[in-house]
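This report concerns only the one structure given below.
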Amino acid sequence: MLLHRSLKTTTAAAAAALILATGTVLADPVTDDELVVNGELELATEAEPAAHLDGALGDRIYSGWRFRDTETRAMQKDDFDNPMFLFVDAGLEAWDTAEGTEGKSCADCHGAIEDSMKGLRASLPKVTDKGELWSLENFVNDCRETRMGAEAWGWNSQQMKNMTAAIGLQSRGMPVDVAVDGPAAPFWEKGKEMYYTRFGQLEMSCANCHEDNYGNYIRSDHLSQGQINGFPLYRLKDQGPVSIHQRFVGCVRDTRGETFQAGSQEFRELELYVASRGAGLPVETPAVRH
Amino acid sequence: MFRMAAIGILAIGTATGALAEVAPDDILWQEDGSIAQSLTGTPGSAEEGERVMTTNALGNCVACHTIATMPDVPFQGTIAPELAGAAGRWTEAQLRGILVDAKRTFPDSFMPGMYKVGPFIRPGVAYTGAAPASPDDIEPVLTAAQVEDVLAYLMTLTE
């Protein structure tokens with residue numbers, strides 16, 4: 001007879017070993033801290049899971065902020081300490097700058113970013129009139145190409161991250177609320193299938209790390225639920241801003257897998273599904289992680 | 001089949017260690033997911049095994065497992081069972097099978113196969129994120145000798 005230990009017992013045993021070794025519990029999201037930005041904006045870092053999650057994440061969903069160390073959490077509490085605001089400022093400047101053959105800026109059509117872009121981040125990605133699933137980056141480039149006569153920005157270019165950070169900020173505090181039904185349903189289903197597919201030579205799915213093992217440590221990394229409500233965010237390890245698809249590329253690469261391209265149909269579908277796993281969490285853009 | 005081939009190679013006396021190795025596709029699996037024969041025909045080195053287990057680019061076992069017998073290795077993972085006592089729980093053949101492809105012992109296991117070349121869904125070349133030019137470009141995570149080295153270390157974990 002083989003001894004087959006379930007992951008649950010295993011994890012409990014490992015956690016017990018850690019408690020013995022260090023005297024503290026080094027797992028699970030932190031419970032003794034709150035995300036209050038600039039001393040006034042309270043951002044909930046946990047929420048009730050949406051019905052479409054079907055209990056996959058138990059009875060609580062958590063922001064990635066809850067899995068980071070004290071210093072990293074502190075950086076996101078003050079916009080002066082948050083390195084992303086450098087890029088937000090650059091994005092706000094670009095918003096007002098005329099470009100392209102039409103000589104127009106974003107502001108010329110949309111007016112103040114605070115009004116016209118409020119709530120957008122929380123609802124993306126979404127299906128357009130033409131039946132395509134678009135991320136924020138698609139909308140930005142569509143305006144640049146068809147309305148400004150300007151060149152499209154690269155998905156992961158600095159300019160694009162500046163702009164998506166500036167636009168995303170306008171939804172900070174609003175709960176993620178993406179449509180998963182109607183025309184979005186087939187895209188959402190595909191994204192869900194991807195989430196549970198074991199990619200690469202290491203045969204790991206997103207769920208293996210972010211559903212089965214959040215709260216556990218993979219070497220020194222404290223695994224979170226892999227939520228995207230804080231993107232684009234500042235990653236201390238990369239000393240720069242990171243987009244949603246850039247993070248997906250990194251995670252698939254770490255399975256010794258062939259990644260999909262940033263901006264690909266596959267990653268937009270995955271983005272929709274992952275966004276829906278965080279439905280109810282407030283937008284944190286621009287977050288800080290390590 | 002494989003055995004004959006290996007013996008044949010040995011007989012003509014040109015065998016380097018590499019040629020005498022059992023290739024991932026030629027492994028003789030037991031029904032319970034164990035592998036009786038050595039992958040190299042040579043006993044592994046426990047010392048080298050310890051290095052493989054703690055090196056990120058190699059076995060990286062400590063990414064997931066806590067290993068009490070390596071107290072100096074920082075940041076051990078909390079995903080997989082403590083390995084202390086593994087040799088008391090499993091035979092050598094069973095441990096070899098777990099290393100080569102843990103899914104034959106634990107269906108749906110999170111543990112990657114260390115000496116496996118497929119089939120995989122969208123395998124990439126190591127950690128480059130790029131597709132292989134040909135399926136032969138997919139190398140197992142560990143070499144046959146490294147598997148035997150890790151096995152030698154695991155066999156020291158008797159309590």
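Convention: chains lettered A, B, ... in structure tokens order; per-chain residue numbering from 1; ligands numbered from 1 as shown.
DSSP on the backbone gives strand (DSSP E) for these parts of region 71-250 of chain A: A:Lys126, A:Val127, A:Leu133, A:Trp134, A:Tyr217, A:Ile218, A:Asp221, A:His222, A:Leu233, A:Tyr234, A:Arg235, A:Gly240, A:Pro241, A:Val242.
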Next, write the just-selected residues to a file, as a CSV table (one decimal), in the first residue's frame, keeping C-alpha atoms as the atom set.
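Result file follows (again12.csv):
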chain,number,residue,atom,x,y,z
A,126,LYS,CA,-15.4,43.7,-22.3
A,127,VAL,CA,-17.0,42.8,-25.6
A,133,LEU,CA,-13.2,41.0,-26.5
A,134,TRP,CA,-11.1,44.1,-25.8
A,217,TYR,CA,5.3,29.5,0.1
A,218,ILE,CA,7.0,28.5,-3.1
A,221,ASP,CA,7.4,33.7,-2.6
A,222,HIS,CA,4.2,33.9,-0.6
A,233,LEU,CA,1.4,47.8,-10.8
A,234,TYR,CA,5.0,48.5,-9.6
A,235,ARG,CA,7.0,45.4,-9.2
A,240,GLY,CA,9.3,49.1,-12.9
A,241,PRO,CA,5.6,48.9,-13.9
A,242,VAL,CA,4.2,45.5,-15.0
Could the residues of chain B that have an atom at most 6 Å from chain A be listed as JSON lines, each with its closest atom pair and the distance in Å to one decimal, counting only C-alpha atoms and ordered by chain and ascending residue number?
{"residue": "B:Ala63", "atom": "CA", "partner": "A:Arg219", "partner_atom": "CA", "distance": 4.1}
{"residue": "B:Cys64", "atom": "CA", "partner": "A:Ile218", "partner_atom": "CA", "distance": 5.4}
{"residue": "B:Phe75", "atom": "CA", "partner": "A:Ser220", "partner_atom": "CA", "distance": 5.0}
{"residue": "B:Gln76", "atom": "CA", "partner": "A:Arg219", "partner_atom": "CA", "distance": 5.2}
{"residue": "B:Gly77", "atom": "CA", "partner": "A:Arg219", "partner_atom": "CA", "distance": 4.5}
{"residue": "B:Thr78", "atom": "CA", "partner": "A:Tyr217", "partner_atom": "CA", "distance": 5.2}
{"residue": "B:Ile79", "atom": "CA", "partner": "A:Thr11", "partner_atom": "CA", "distance": 5.9}
{"residue": "B:Pro81", "atom": "CA", "partner": "A:Thr10", "partner_atom": "CA", "distance": 5.2}
{"residue": "B:Pro112", "atom": "CA", "partner": "A:Leu202", "partner_atom": "CA", "distance": 4.8}
{"residue": "B:Phe120", "atom": "CA", "partner": "A:Gln201", "partner_atom": "CA", "distance": 5.9}
{"residue": "B:Ile121", "atom": "CA", "partner": "A:Phe199", "partner_atom": "CA", "distance": 5.1}
{"residue": "B:Arg122", "atom": "CA", "partner": "A:Glu258", "partner_atom": "CA", "distance": 5.3}
{"residue": "B:Pro123", "atom": "CA", "partner": "A:Gly200", "partner_atom": "CA", "distance": 4.1}
{"residue": "B:Gly124", "atom": "CA", "partner": "A:Gly257", "partner_atom": "CA", "distance": 4.1}
{"residue": "B:Ala126", "atom": "CA", "partner": "A:Arg256", "partner_atom": "CA", "distance": 5.2}
{"residue": "B:Tyr127", "atom": "CA", "partner": "A:Arg256", "partner_atom": "CA", "distance": 5.0}
{"residue": "B:Gly129", "atom": "CA", "partner": "A:Arg253", "partner_atom": "CA", "distance": 4.6}
{"residue": "B:Ala130", "atom": "CA", "partner": "A:Glu258", "partner_atom": "CA", "distance": 5.0}
{"residue": "B:Ala131", "atom": "CA", "partner": "A:Glu258", "partner_atom": "CA", "distance": 5.0}
Mind dumping the selected residues with N, CA, C and O atoms as an mmCIF file, in the first residue's frame?
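Result saved to part06.cif:
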data_model
loop_
_atom_site.group_PDB
_atom_site.id
_atom_site.type_symbol
_atom_site.label_atom_id
_atom_site.label_comp_id
_atom_site.auth_asym_id
_atom_site.auth_seq_id
_atom_site.Cartn_x
_atom_site.Cartn_y
_atom_site.Cartn_z
ATOM 1 N N ALA B 63 11.933 24.397 -3.269
ATOM 2 C CA ALA B 63 10.904 25.385 -3.622
ATOM 3 C C ALA B 63 9.566 24.964 -3.035
ATOM 4 O O ALA B 63 8.772 25.800 -2.614
ATOM 5 N N CYS B 64 9.306 23.679 -3.028
ATOM 6 C CA CYS B 64 8.003 23.186 -2.557
ATOM 7 C C CYS B 64 8.099 22.430 -1.235
ATOM 8 O O CYS B 64 7.200 22.509 -0.407
ATOM 9 N N PHE B 75 14.357 29.780 3.339
ATOM 10 C CA PHE B 75 13.121 29.905 2.552
ATOM 11 C C PHE B 75 12.671 28.593 1.928
ATOM 12 O O PHE B 75 12.463 28.516 0.721
ATOM 13 N N GLN B 76 12.527 27.550 2.728
ATOM 14 C CA GLN B 76 12.037 26.305 2.162
ATOM 15 C C GLN B 76 10.528 26.406 1.940
ATOM 16 O O GLN B 76 9.816 27.065 2.690
ATOM 17 N N GLY B 77 10.050 25.757 0.891
ATOM 18 C CA GLY B 77 8.644 25.842 0.523
ATOM 19 C C GLY B 77 7.732 25.144 1.525
ATOM 20 O O GLY B 77 8.188 24.346 2.349
ATOM 21 N N THR B 78 6.435 25.466 1.445
ATOM 22 C CA THR B 78 5.460 24.840 2.354
ATOM 23 C C THR B 78 4.333 24.182 1.561
ATOM 24 O O THR B 78 3.217 24.052 2.029
ATOM 25 N N ILE B 79 4.655 23.798 0.324
ATOM 26 C CA ILE B 79 3.627 23.261 -0.555
ATOM 27 C C ILE B 79 3.553 21.739 -0.479
ATOM 28 O O ILE B 79 2.493 21.147 -0.635
ATOM 29 N N PRO B 81 5.131 17.702 1.107
ATOM 30 C CA PRO B 81 5.470 17.067 2.388
ATOM 31 C C PRO B 81 6.935 17.250 2.797
ATOM 32 O O PRO B 81 7.811 17.338 1.952
ATOM 33 N N PRO B 112 6.411 18.242 -10.415
ATOM 34 C CA PRO B 112 6.812 18.048 -11.812
ATOM 35 C C PRO B 112 7.615 16.758 -11.985
ATOM 36 O O PRO B 112 8.328 16.340 -11.089
ATOM 37 N N PHE B 120 3.496 16.990 -23.159
ATOM 38 C CA PHE B 120 3.194 18.197 -22.391
ATOM 39 C C PHE B 120 2.297 19.107 -23.221
ATOM 40 O O PHE B 120 2.284 19.009 -24.448
ATOM 41 N N ILE B 121 1.581 20.022 -22.558
ATOM 42 C CA ILE B 121 0.804 21.039 -23.261
ATOM 43 C C ILE B 121 1.649 22.301 -23.380
ATOM 44 O O ILE B 121 2.046 22.871 -22.367
ATOM 45 N N ARG B 122 1.982 22.696 -24.590
ATOM 46 C CA ARG B 122 2.808 23.884 -24.849
ATOM 47 C C ARG B 122 4.103 23.902 -24.060
ATOM 48 O O ARG B 122 4.386 24.866 -23.330
ATOM 49 N N PRO B 123 4.925 22.875 -24.191
ATOM 50 C CA PRO B 123 6.227 22.938 -23.511
ATOM 51 C C PRO B 123 7.088 24.036 -24.119
ATOM 52 O O PRO B 123 6.973 24.320 -25.308
ATOM 53 N N GLY B 124 7.921 24.650 -23.310
ATOM 54 C CA GLY B 124 8.868 25.638 -23.799
ATOM 55 C C GLY B 124 10.278 25.116 -23.583
ATOM 56 O O GLY B 124 10.483 24.103 -22.918
ATOM 57 N N ALA B 126 13.293 25.169 -21.639
ATOM 58 C CA ALA B 126 13.662 25.583 -20.280
ATOM 59 C C ALA B 126 12.792 26.774 -19.861
ATOM 60 O O ALA B 126 11.586 26.737 -20.030
ATOM 61 N N TYR B 127 13.382 27.845 -19.330
ATOM 62 C CA TYR B 127 12.581 28.981 -18.855
ATOM 63 C C TYR B 127 12.619 30.170 -19.820
ATOM 64 O O TYR B 127 12.529 31.313 -19.417
ATOM 65 N N GLY B 129 10.385 30.606 -22.308
ATOM 66 C CA GLY B 129 9.045 30.953 -22.777
ATOM 67 C C GLY B 129 8.860 30.668 -24.263
ATOM 68 O O GLY B 129 7.785 30.866 -24.807
ATOM 69 N N ALA B 130 9.920 30.208 -24.931
ATOM 70 C CA ALA B 130 9.863 29.969 -26.377
ATOM 71 C C ALA B 130 9.560 28.509 -26.682
ATOM 72 O O ALA B 130 9.946 27.608 -25.939
ATOM 73 N N ALA B 131 8.872 28.290 -27.805
ATOM 74 C CA ALA B 131 8.565 26.928 -28.231
ATOM 75 C C ALA B 131 9.837 26.249 -28.733
ATOM 76 O O ALA B 131 10.729 26.910 -29.267
#
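Across the model, the gap from CA of Asp33 (chain A) to CA of Ser276 (chain A) is 25.1 Å.
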Taking 6 positions as the minimum chain separation for residues in the same chain, which residues sit within 12 Å of Ile27 (chain B) when counting only C-alpha atoms? Answer as a PyMOL selection string.
chain B and resi 1-3+21+33-40+96-97+100-101+115-117+144
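With only C-alpha atoms as the atoms that count, the minimum distance from Asp108 (chain A) to the choices A:Met148, A:Asp28, A:Thr72, A:Gly230 is reached by A:Met148.
Excluding Pro232 (chain A) itself and same-chain residues fewer than 3 positions from it, the residues having an atom within 6 Å of it are A:Ala165, A:Val242, A:Ser243, A:Pro286, counting only C-alpha atoms.
One finds CA of Ala145 (chain B) at 10.2 Å from CA of Val22 (chain B).
Rounded to one decimal, CA of Leu95 (chain B) and CA of Met70 (chain B) lie 18.8 Å from each other.
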Out of B:Asn60, B:Gly88, B:Ser134, B:Glu159, which residue has the shortest atom-to-atom distance to Met114 (chain B) when counting only C-alpha atoms?
B:Asn60
Contact residues around Glu50 (chain B) with only C-alpha atoms at 7 Å, ignoring same-chain residues under 3 positions, as a list in words
Ala46, Glu47, Met53, Thr54, Val150 and Tyr153 of chain B
Same residues, N, CA, C and O atoms, saved as a JSON list (two decimals), in the first residue's frame:
[["chain", "number", "residue", "atom", "x", "y", "z"],
["B", 46, "ALA", "N", 25.21, 11.12, -2.95],
["B", 46, "ALA", "CA", 24.27, 11.85, -2.10],
["B", 46, "ALA", "C", 24.66, 13.32, -1.98],
["B", 46, "ALA", "O", 23.81, 14.21, -1.93],
["B", 47, "GLU", "N", 25.95, 13.57, -1.96],
["B", 47, "GLU", "CA", 26.44, 14.95, -1.82],
["B", 47, "GLU", "C", 26.02, 15.79, -3.03],
["B", 47, "GLU", "O", 25.52, 16.90, -2.90],
["B", 53, "MET", "N", 19.17, 19.26, -5.32],
["B", 53, "MET", "CA", 17.89, 19.52, -4.65],
["B", 53, "MET", "C", 17.74, 20.97, -4.21],
["B", 53, "MET", "O", 16.62, 21.46, -4.06],
["B", 54, "THR", "N", 18.86, 21.65, -4.00],
["B", 54, "THR", "CA", 18.80, 23.01, -3.47],
["B", 54, "THR", "C", 19.16, 24.07, -4.50],
["B", 54, "THR", "O", 19.23, 25.25, -4.19],
["B", 150, "VAL", "N", 20.09, 12.43, -6.57],
["B", 150, "VAL", "CA", 19.04, 12.84, -5.63],
["B", 150, "VAL", "C", 18.51, 11.62, -4.89],
["B", 150, "VAL", "O", 18.29, 11.65, -3.67],
["B", 153, "TYR", "N", 20.65, 10.71, -2.07],
["B", 153, "TYR", "CA", 20.42, 11.56, -0.90],
["B", 153, "TYR", "C", 19.13, 11.13, -0.18],
["B", 153, "TYR", "O", 19.11, 10.99, 1.04]]
Please run DSSP on the backbone and report, as a PyMOL selection string, all residues within region 67-151 of chain B that come out as helix (DSSP H, G or I).
chain B and resi 86-89+92-104+135-137+144-151
Since we have the selection now, will you write its residues out, keeping N, CA, C and O atoms, as a short mmCIF file (atom, residue, chain, number, x, y, z; two decimals), in the first residue's frame?
data_model
loop_
_atom_site.label_atom_id
_atom_site.label_comp_id
_atom_site.auth_asym_id
_atom_site.auth_seq_id
_atom_site.Cartn_x
_atom_site.Cartn_y
_atom_site.Cartn_z
N ALA B 86 11.76 10.00 4.33
CA ALA B 86 11.21 9.50 3.06
C ALA B 86 11.64 8.06 2.79
O ALA B 86 10.85 7.26 2.29
N ALA B 87 12.89 7.73 3.12
CA ALA B 87 13.38 6.37 2.83
C ALA B 87 12.72 5.33 3.73
O ALA B 87 12.76 4.13 3.43
N GLY B 88 12.13 5.78 4.83
CA GLY B 88 11.38 4.85 5.67
C GLY B 88 9.97 4.61 5.15
O GLY B 88 9.35 3.60 5.43
N ARG B 89 9.46 5.59 4.37
CA ARG B 89 8.10 5.47 3.85
C ARG B 89 8.04 4.79 2.50
O ARG B 89 7.01 4.27 2.10
N GLU B 92 13.43 2.22 -2.54
CA GLU B 92 14.26 2.93 -3.51
C GLU B 92 13.57 3.00 -4.87
O GLU B 92 13.56 4.03 -5.54
N ALA B 93 12.95 1.89 -5.27
CA ALA B 93 12.28 1.85 -6.58
C ALA B 93 11.10 2.84 -6.62
O ALA B 93 10.87 3.51 -7.63
N GLN B 94 10.39 2.95 -5.50
CA GLN B 94 9.27 3.89 -5.45
C GLN B 94 9.76 5.33 -5.52
O GLN B 94 9.20 6.17 -6.23
N LEU B 95 10.82 5.62 -4.79
CA LEU B 95 11.36 6.99 -4.81
C LEU B 95 11.87 7.35 -6.20
O LEU B 95 11.68 8.46 -6.67
N ARG B 96 12.51 6.39 -6.89
CA ARG B 96 12.98 6.67 -8.25
C ARG B 96 11.79 7.01 -9.13
O ARG B 96 11.83 7.96 -9.92
N GLY B 97 10.70 6.28 -8.96
CA GLY B 97 9.50 6.55 -9.76
C GLY B 97 8.91 7.92 -9.46
O GLY B 97 8.50 8.64 -10.38
N ILE B 98 8.89 8.30 -8.18
CA ILE B 98 8.36 9.63 -7.80
C ILE B 98 9.21 10.73 -8.42
O ILE B 98 8.70 11.73 -8.91
N LEU B 99 10.52 10.53 -8.45
CA LEU B 99 11.40 11.55 -9.03
C LEU B 99 11.20 11.66 -10.53
O LEU B 99 11.11 12.76 -11.08
N VAL B 100 11.12 10.53 -11.20
CA VAL B 100 11.05 10.55 -12.67
C VAL B 100 9.72 11.13 -13.13
O VAL B 100 9.68 12.00 -14.00
N ASP B 101 8.61 10.69 -12.54
CA ASP B 101 7.29 11.21 -12.90
C ASP B 101 6.32 10.92 -11.75
O ASP B 101 5.69 9.86 -11.71
N ALA B 102 6.21 11.89 -10.85
CA ALA B 102 5.43 11.68 -9.62
C ALA B 102 3.96 11.36 -9.91
O ALA B 102 3.29 10.75 -9.09
N LYS B 103 3.49 11.75 -11.11
CA LYS B 103 2.07 11.53 -11.41
C LYS B 103 1.72 10.05 -11.56
O LYS B 103 0.56 9.68 -11.53
N ARG B 104 2.73 9.20 -11.75
CA ARG B 104 2.45 7.76 -11.81
C ARG B 104 2.19 7.21 -10.40
O ARG B 104 1.62 6.13 -10.26
N PRO B 135 10.47 18.68 -31.19
CA PRO B 135 10.16 18.08 -29.88
C PRO B 135 11.41 17.55 -29.18
O PRO B 135 11.45 17.48 -27.95
N ASP B 136 12.42 17.20 -29.94
CA ASP B 136 13.66 16.68 -29.33
C ASP B 136 14.39 17.74 -28.52
O ASP B 136 15.30 17.42 -27.76
N ASP B 137 14.02 19.01 -28.72
CA ASP B 137 14.69 20.08 -27.97
C ASP B 137 14.23 20.12 -26.51
O ASP B 137 14.78 20.89 -25.73
N ALA B 144 19.78 11.72 -16.08
CA ALA B 144 19.65 10.42 -15.42
C ALA B 144 20.59 10.37 -14.20
O ALA B 144 20.19 9.92 -13.12
N ALA B 145 21.79 10.86 -14.38
CA ALA B 145 22.77 10.81 -13.28
C ALA B 145 22.29 11.68 -12.11
O ALA B 145 22.45 11.30 -10.94
N GLN B 146 21.71 12.83 -12.42
CA GLN B 146 21.23 13.71 -11.34
C GLN B 146 20.07 13.07 -10.58
O GLN B 146 19.96 13.21 -9.37
N VAL B 147 19.20 12.34 -11.30
CA VAL B 147 18.12 11.62 -10.62
C VAL B 147 18.71 10.61 -9.64
O VAL B 147 18.29 10.52 -8.48
N GLU B 148 19.71 9.87 -10.09
CA GLU B 148 20.32 8.86 -9.21
C GLU B 148 21.05 9.54 -8.04
O GLU B 148 21.08 8.99 -6.93
N ASP B 149 21.61 10.72 -8.25
CA ASP B 149 22.26 11.46 -7.16
C ASP B 149 21.22 11.88 -6.11
O ASP B 149 21.42 11.71 -4.91
N VAL B 150 20.09 12.43 -6.57
CA VAL B 150 19.04 12.84 -5.63
C VAL B 150 18.51 11.62 -4.89
O VAL B 150 18.29 11.65 -3.67
N LEU B 151 18.35 10.53 -5.62
CA LEU B 151 17.88 9.29 -5.01
C LEU B 151 18.83 8.85 -3.90
O LEU B 151 18.39 8.43 -2.81
#
Which residues come within 8 Å of Leu35 (chain A), counting only C-alpha atoms, excluding same-chain residues fewer than 5 positions away, as a list in words?
Glu42, Leu43, Ala44, Thr45, Arg73, Gln76 and Lys77 of chain A
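Each of A:Tyr273, A:Ile167, A:Asn141, A:Ser157 was checked against Asp115 (chain A) using only C-alpha atoms; the smallest atom-to-atom distance is that of A:Ile167.
Residues with any atom within 10 Å of Leu169 (chain A), counting only C-alpha atoms and excluding same-chain neighbours fewer than 2 positions away, are Phe85, Val88, Ile113, Glu114, Met117, Lys118, Gly119, Leu120, Arg121, Met163, Thr164, Ala165, Ala166, Ile167, Ser171, Arg172, Gly173, Gly230, Phe231, Pro232, Val283, Glu284, Thr285, Pro286 and Ala287 of chain A.
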